[in-house]
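S.K.: Below is the file coords-v8.csv, with CSV, C-alpha atoms and all ligand atoms.
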```
chain,number,residue,atom,x,y,z
Q,287,MET,CA,-23.9,-30.5,2.9
Q,288,LYS,CA,-22.1,-27.8,1.1
Q,289,LYS,CA,-21.9,-28.1,-2.7
Q,290,SER,CA,-19.2,-26.7,-4.9
Q,291,PRO,CA,-20.2,-25.0,-8.1
Q,292,THR,CA,-20.0,-27.2,-11.2
Q,293,PHE,CA,-17.5,-26.3,-13.9
Q,294,GLY,CA,-20.4,-25.1,-16.0
Q,295,GLN,CA,-21.6,-22.8,-13.2
Q,296,SER,CA,-18.1,-21.3,-12.8
Q,297,ILE,CA,-17.9,-20.8,-16.6
Q,298,LEU,CA,-21.3,-19.0,-16.6
Q,299,GLU,CA,-20.3,-16.8,-13.7
Q,300,LEU,CA,-17.1,-15.9,-15.5
Q,301,ILE,CA,-19.0,-15.0,-18.7
Q,302,ASP,CA,-21.2,-12.7,-16.6
Q,303,VAL,CA,-18.3,-11.0,-14.9
Q,304,LEU,CA,-16.5,-10.7,-18.3
Q,305,SER,CA,-19.6,-9.1,-19.9
Q,306,ALA,CA,-19.9,-6.6,-17.0
Q,307,SER,CA,-16.2,-5.8,-17.2
Q,308,ASN,CA,-16.7,-4.6,-20.8
Q,309,ALA,CA,-17.8,-1.3,-19.1
Q,310,LEU,CA,-14.2,-0.9,-17.9
Q,311,GLU,CA,-12.8,-0.6,-21.4
Q,312,GLU,CA,-11.8,3.1,-21.1
Q,313,GLN,CA,-10.0,2.5,-17.7
Q,314,VAL,CA,-8.2,-0.6,-19.1
Q,315,LYS,CA,-7.1,1.4,-22.2
Q,316,ARG,CA,-5.9,4.4,-20.1
Q,317,ALA,CA,-3.9,2.2,-17.8
Q,318,GLY,CA,-2.4,0.3,-20.7
Q,319,ASP,CA,-1.4,3.6,-22.4
Q,320,ALA,CA,0.3,4.7,-19.2
Q,321,ILE,CA,2.4,1.5,-19.2
Q,322,LEU,CA,3.3,1.8,-22.8
Q,323,GLN,CA,4.3,5.5,-22.5
Q,324,SER,CA,6.4,4.7,-19.5
Q,325,LEU,CA,8.3,1.9,-21.3
Q,326,GLN,CA,8.7,4.2,-24.4
Q,327,GLN,CA,10.4,6.8,-22.1
Q,328,GLY,CA,12.9,4.1,-20.9
Q,329,CYS,CA,11.2,3.5,-17.6
Q,330,LYS,CA,10.1,0.2,-16.2
Q,331,LEU,CA,7.2,-1.8,-15.0
Q,332,LEU,CA,6.9,-3.0,-11.4
Q,333,THR,CA,4.4,-5.5,-10.3
Q,334,CYS,CA,3.2,-7.2,-7.1
Q,335,GLY,CA,0.5,-9.4,-5.6
Q,336,ASN,CA,-0.3,-12.0,-3.0
Q,337,GLY,CA,-1.3,-15.7,-3.6
Q,338,GLY,CA,-2.9,-16.1,-7.0
Q,339,SER,CA,-2.4,-12.4,-7.6
Q,340,ALA,CA,1.3,-13.0,-7.1
Q,341,ALA,CA,1.1,-15.4,-10.0
Q,342,ASP,CA,-0.7,-12.7,-12.1
Q,343,ALA,CA,2.0,-10.2,-11.2
Q,344,LEU,CA,4.7,-12.6,-12.3
Q,345,HIS,CA,2.7,-13.3,-15.5
Q,346,LEU,CA,2.6,-9.7,-16.5
Q,347,ALA,CA,6.3,-9.0,-15.8
Q,348,GLU,CA,7.4,-12.2,-17.6
Q,349,GLU,CA,5.6,-11.3,-20.8
Q,350,LEU,CA,7.5,-8.0,-21.0
Q,351,VAL,CA,11.0,-9.4,-20.2
Q,352,GLY,CA,10.2,-12.5,-22.3
Q,353,ARG,CA,7.5,-12.3,-24.9
Q,354,TYR,CA,3.8,-12.3,-25.6
Q,355,LYS,CA,3.0,-13.1,-29.2
Q,356,MET,CA,5.3,-11.1,-31.4
Q,357,GLU,CA,9.0,-10.8,-31.9
Q,358,ARG,CA,10.3,-7.7,-30.3
Q,359,ARG,CA,13.0,-6.6,-27.9
Q,360,GLY,CA,12.8,-7.6,-24.2
Q,361,LEU,CA,11.3,-4.9,-22.0
Q,362,PRO,CA,12.1,-4.0,-18.4
Q,363,ALA,CA,9.8,-5.3,-15.7
Q,364,ILE,CA,10.4,-6.5,-12.2
Q,365,CYS,CA,8.0,-8.5,-10.1
Q,366,PHE,CA,8.5,-7.9,-6.4
Q,367,ASN,CA,7.0,-11.2,-5.3
Q,368,ALA,CA,9.6,-13.1,-7.4
Q,369,ASP,CA,12.6,-12.4,-5.1
Q,370,VAL,CA,12.3,-14.9,-2.2
Q,371,THR,CA,15.5,-13.6,-0.6
Q,372,ALA,CA,14.2,-10.0,-0.5
Q,373,ILE,CA,10.8,-11.0,0.7
Q,374,THR,CA,12.1,-13.2,3.5
Q,375,CYS,CA,14.6,-10.5,4.6
Q,376,ILE,CA,12.2,-7.6,4.5
Q,377,GLY,CA,9.4,-9.8,6.0
Q,378,ASN,CA,11.6,-11.0,8.8
Q,379,ASP,CA,13.2,-7.7,9.7
Q,380,TYR,CA,10.4,-5.2,9.0
Q,381,GLY,CA,7.2,-7.2,8.7
Q,382,TYR,CA,5.1,-8.7,5.9
Q,383,ASP,CA,3.3,-5.4,5.3
Q,384,HIS,CA,6.6,-3.9,4.0
Q,385,ILE,CA,7.8,-6.6,1.6
Q,386,PHE,CA,6.8,-4.6,-1.5
Q,387,GLU,CA,7.1,-1.1,-0.2
Q,388,ARG,CA,10.8,-1.6,0.5
Q,389,GLN,CA,11.4,-2.9,-3.0
Q,390,VAL,CA,9.6,0.1,-4.4
Q,391,GLU,CA,12.0,2.3,-2.4
Q,392,ALA,CA,15.1,0.3,-3.6
Q,393,LEU,CA,14.2,-0.2,-7.2
Q,394,GLY,CA,11.6,2.3,-8.3
Q,395,LYS,CA,12.3,5.5,-10.2
Q,396,PRO,CA,10.1,8.4,-11.1
Q,397,GLY,CA,8.2,7.6,-14.3
Q,398,ASP,CA,8.1,3.8,-13.6
Q,399,VAL,CA,4.7,2.2,-13.3
Q,400,LEU,CA,3.6,0.0,-10.4
Q,401,VAL,CA,0.8,-2.5,-11.0
Q,402,GLY,CA,-0.6,-3.8,-7.7
Q,403,PHE,CA,-3.0,-6.8,-8.0
Q,404,THR,CA,-5.3,-7.2,-5.0
Q,405,THR,CA,-8.8,-8.6,-5.5
Q,406,SER,CA,-10.0,-7.2,-2.1
Q,407,GLY,CA,-8.1,-4.0,-2.3
Q,408,ASN,CA,-7.2,-4.6,1.3
Q,409,SER,CA,-3.8,-6.3,1.3
Q,410,PRO,CA,-1.6,-4.0,3.5
Q,411,ASN,CA,1.6,-4.8,1.6
Q,412,ILE,CA,0.0,-3.6,-1.6
Q,413,ILE,CA,-1.4,-0.5,-0.1
Q,414,SER,CA,1.9,0.5,1.4
Q,415,ALA,CA,3.6,-0.2,-1.9
Q,416,PHE,CA,1.1,2.2,-3.6
Q,417,ASN,CA,1.7,4.9,-1.0
Q,418,ARG,CA,5.5,4.6,-1.4
Q,419,ALA,CA,5.3,4.6,-5.1
Q,420,LYS,CA,3.1,7.8,-5.2
Q,421,ALA,CA,5.6,9.6,-2.9
Q,422,ALA,CA,8.4,8.6,-5.3
Q,423,GLY,CA,6.7,9.8,-8.5
Q,424,ILE,CA,5.9,6.3,-9.7
Q,425,ILE,CA,2.6,5.9,-11.6
Q,426,THR,CA,0.3,3.6,-9.8
Q,427,ILE,CA,-2.3,1.1,-11.3
Q,428,PHE,CA,-4.7,-0.7,-9.0
Q,429,LEU,CA,-6.1,-4.0,-10.4
Q,430,GLY,CA,-8.8,-4.9,-8.0
Q,431,GLY,CA,-12.3,-6.2,-7.4
Q,432,LYS,CA,-15.2,-6.4,-4.9
Q,433,ASP,CA,-15.8,-3.0,-3.5
Q,434,GLY,CA,-12.3,-1.8,-4.1
Q,435,GLY,CA,-11.4,-1.9,-0.4
Q,436,ALA,CA,-8.8,0.4,1.1
Q,437,ALA,CA,-7.1,0.9,-2.2
Q,438,LYS,CA,-10.1,2.6,-3.8
Q,439,GLY,CA,-9.3,6.2,-4.7
Q,440,LEU,CA,-5.6,5.8,-3.9
Q,441,CYS,CA,-4.0,5.3,-7.3
Q,442,ASP,CA,-3.6,7.1,-10.7
Q,443,HIS,CA,-5.5,4.3,-12.4
Q,444,GLU,CA,-7.9,1.8,-10.9
Q,445,ILE,CA,-9.7,-1.1,-12.5
Q,446,ILE,CA,-12.2,-2.7,-10.1
Q,447,ILE,CA,-13.7,-5.9,-11.5
Q,448,PRO,CA,-17.4,-6.0,-10.7
Q,449,SER,CA,-17.5,-9.3,-8.8
Q,450,PHE,CA,-17.1,-10.6,-5.2
Q,451,THR,CA,-15.6,-13.9,-6.2
Q,452,THR,CA,-11.8,-13.8,-5.9
Q,453,ALA,CA,-11.2,-16.5,-8.6
Q,454,ARG,CA,-13.4,-14.7,-11.2
Q,455,ILE,CA,-11.7,-11.4,-10.5
Q,456,GLN,CA,-8.2,-13.0,-11.0
Q,457,GLU,CA,-9.4,-14.6,-14.2
Q,458,VAL,CA,-10.5,-11.2,-15.6
Q,459,HIS,CA,-7.2,-9.6,-14.5
Q,460,THR,CA,-5.5,-12.1,-16.8
Q,461,VAL,CA,-7.6,-10.9,-19.7
Q,462,ILE,CA,-6.6,-7.3,-18.9
Q,463,LEU,CA,-2.9,-8.0,-18.7
Q,464,HIS,CA,-3.0,-9.8,-22.0
Q,465,GLN,CA,-4.9,-6.9,-23.5
Q,466,TRP,CA,-2.1,-4.5,-22.4
Q,467,LEU,CA,0.4,-6.8,-24.1
Q,468,GLU,CA,-1.5,-6.5,-27.4
Q,469,GLU,CA,-0.6,-2.8,-27.6
Q,470,ILE,CA,2.9,-3.2,-26.3
Q,471,ASP,CA,3.5,-6.0,-28.9
Q,472,ILE,CA,2.6,-3.9,-31.9
Q,473,THR,CA,4.8,-1.0,-30.9
Q,474,ASP,CA,7.9,-0.6,-33.0
Q,475,TRP,CA,10.5,-0.9,-30.3
Q,476,ASN,CA,13.4,-0.8,-32.8
Q,477,ASN,CA,12.9,2.9,-33.4
Q,478,ILE,CA,12.7,3.8,-29.7
Q,479,LYS,CA,15.9,4.4,-27.9
Q,480,ILE,CA,15.7,2.8,-24.5
H,1,LIG,O1,-5.6,-17.4,-5.5
H,1,LIG,C1,-6.3,-17.3,-4.5
H,1,LIG,C2,-7.8,-17.4,-4.6
H,1,LIG,O2,-8.1,-17.6,-6.0
H,1,LIG,C3,-5.7,-17.0,-3.2
H,1,LIG,O3,-4.4,-17.5,-3.1
H,1,LIG,C4,-5.6,-15.4,-2.9
H,1,LIG,O4,-4.9,-14.9,-4.0
H,1,LIG,C5,-5.0,-15.1,-1.6
H,1,LIG,O5,-6.0,-15.5,-0.6
H,1,LIG,C6,-4.6,-13.7,-1.4
H,1,LIG,O6,-4.0,-13.5,-0.2
H,1,LIG,C7,-5.8,-12.7,-1.5
H,1,LIG,O7,-5.2,-11.3,-1.5
H,1,LIG,P1,-6.0,-10.1,-2.2
H,1,LIG,O8,-6.3,-10.5,-3.6
H,1,LIG,O9,-7.2,-9.8,-1.3
H,1,LIG,O10,-4.9,-9.0,-2.1
H,2,ZN,ZN,-6.5,-18.9,-7.0
```
In structure tokens, how does this file's structure come out?
Ligand SMILES: O=C(CO)[C@@H](O)[C@H](O)[C@H](O)[C@H](O)COP(=O)(O)O
Ligand SMILES: [Zn+2]
M.R.:
Amino acid sequence: MKKSPTFGQSILELIDVLSASNALEEQVKRAGDAILQSLQQGCKLLTCGNGGSAADALHLAEELVGRYKMERRGLPAICFNADVTAITCIGNDYGYDHIFERQVEALGKPGDVLVGFTTSGNSPNIISAFNRAKAAGIITIFLGGKDGGAAKGLCDHEIIIPSFTTARIQEVHTVILHQWLEEIDITDWNNIKI
């Protein structure tokens, strides 16, 4: 009979993945700086993901438009998996692989940043969004895991969590997006004209 991991085993696995992810500090910082710089220039953040990663993509965008910890102005971010009407139209008329790419085309501007969350690196709708963004002068950040999949080497920034467990990868992605918010929060947005 198959046995699921205990809570304690999952916690220990997460601790191991978190410790190994410490080696990604430089990549995390560089990607966070790219987001901060883009926002300071009056550009916006775009995010997308599937399944649990759709929730992560929503989480990151929400904390810019809404808030993280500190009082500051709302910042521009759009999560492409939030708009059910766009997703169902594009999915129905062009196919699921295009649901994010089309929104990049419609809403993205040069200088914006696209963060694509895909634990496998193999979701075709994220790959096509990255390709469209690159062609449009949008900075691309790949938040991935496992062996990086098809997205490996495609983006301006890539952060590949050293784990083959989807859930653990997603959990570390949450730590990273909160880390990015730390820098964004302490920026003095009142003196930046956006
Ligand atoms: O949340 C989970 C697993 O933790 C699932 O919903 C998972 O996100 C889905 O299977 C996704 O379709 C996986 O896509 P991806 O991370 O490989 O791009
Ligand atoms: Zn999940």
S.K.: Counting only C-alpha atoms, which residues come within 8 Å of (8.1, -14.6, -8.7), with the point read in the file's coordinates, and could you list them as a PyMOL selection string?
M.R.: chain Q and resi 340-341+343-344+365-370
S.K.: Which one is closest to Q:Val390: Q:Ala320, Q:Ala363, Q:Leu332, Q:Ile427? Count only C-alpha atoms.
M.R.: Q:Leu332
S.K.: Would you name the residues within 8 Å of ligand ZN 2 (chain H), counting all atoms listed in the file, and put them as a list in words?
M.R.: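 Every residue with an atom at most 8 Å from ligand ZN 2 (chain H) is listed here: Gly337, Gly338, Ser339, Thr452, Ala453 and Gln456 of chain Q.
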S.K.: Could you pull out the residues sitting within 12 Å of ligand LIG 1 (chain H), using all atoms listed in the file, and write them as a ChimeraX atom specification?
M.R.: /Q:334-343,382-383,402-413,428-437,446-447,450-459
S.K.: Using atom CA of Q:Asp398 and atom CA of Q:Thr473 as the two end points, give the distance in Å to one decimal.
M.R.: 18.3 Å
S.K.: Rank nothing, just name the residue among Q:Ala421, Q:Met356, Q:Leu304, Q:Leu361 nearest to Q:Gln326, using only C-alpha atoms.
M.R.: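 Ranked by minimum distance to Q:Gln326, first place goes to Q:Leu361.
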S.K.: Please tell me which residues are no farther than 12 Å from (13.9, -10.8, -34.1) in the file, counting only C-alpha atoms, and write them as a list in words.
M.R.: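 Here is the list of nearby residues: Arg353, Met356, Glu357, Arg358, Arg359, Gly360, Asp474, Trp475 and Asn476 of chain Q.
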S.K.: For the atom pair atom CA of Q:Thr333 and atom CA of Q:Leu400, what is the interatomic distance in Å to one decimal place?
M.R.: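 Calculated distance between atom CA of Q:Thr333 and atom CA of Q:Leu400 is 5.6 Å.
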S.K.: In Å, rounded to a single decimal, give me how far atom CA of Q:Gln313 is from atom CA of Q:Leu298.
M.R.: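 Computing the Euclidean distance for atom CA of Q:Leu298 and atom CA of Q:Gln313 yields 24.3 Å.
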S.K.: Measuring between all atoms listed in the file, which one of Q:Val461, Q:Ala347, Q:Ile376, Q:Ile321 shows the shortest distance to Q:Asp442?
M.R.: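 Ranked by minimum distance to Q:Asp442, first place goes to Q:Ile321.
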S.K.: Using all atoms listed in the file, which protein or nucleic acid residues come within 12 Å of Q:Arg316? Drop anything in the same chain fewer than 6 positions from it, and give the result as a list in words.
M.R.: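 Skipping anything fewer than 6 positions along the chain leaves Leu310, Leu322, Gln323, Ile427, Asp442, His443, Glu444, Ile445, Ile462, Gln465, Trp466 and Glu469 of chain Q.
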S.K.: Would you mind exporting the chosen residues as a compact mmCIF listing (two decimals), in the coordinates of the input, restricted to C-alpha atoms?
M.R.:
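So the final result, stored in out-v8.txt, reads:
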```
# COMPACT_ATOMS: atom_id res chain seq x y z
CA LEU Q 310 -14.20 -0.90 -17.90
CA LEU Q 322 3.30 1.80 -22.80
CA GLN Q 323 4.30 5.50 -22.50
CA ILE Q 427 -2.30 1.10 -11.30
CA ASP Q 442 -3.60 7.10 -10.70
CA HIS Q 443 -5.50 4.30 -12.40
CA GLU Q 444 -7.90 1.80 -10.90
CA ILE Q 445 -9.70 -1.10 -12.50
CA ILE Q 462 -6.60 -7.30 -18.90
CA GLN Q 465 -4.90 -6.90 -23.50
CA TRP Q 466 -2.10 -4.50 -22.40
CA GLU Q 469 -0.60 -2.80 -27.60
```
S.K.: Using all atoms listed in the file, which of the listed residues (Q:Ile301, Q:Leu331, Q:Gln295, Q:Gly352) sits closest to Q:Gly318?
M.R.: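 So, comparing all the options, the nearest one is Q:Leu331.
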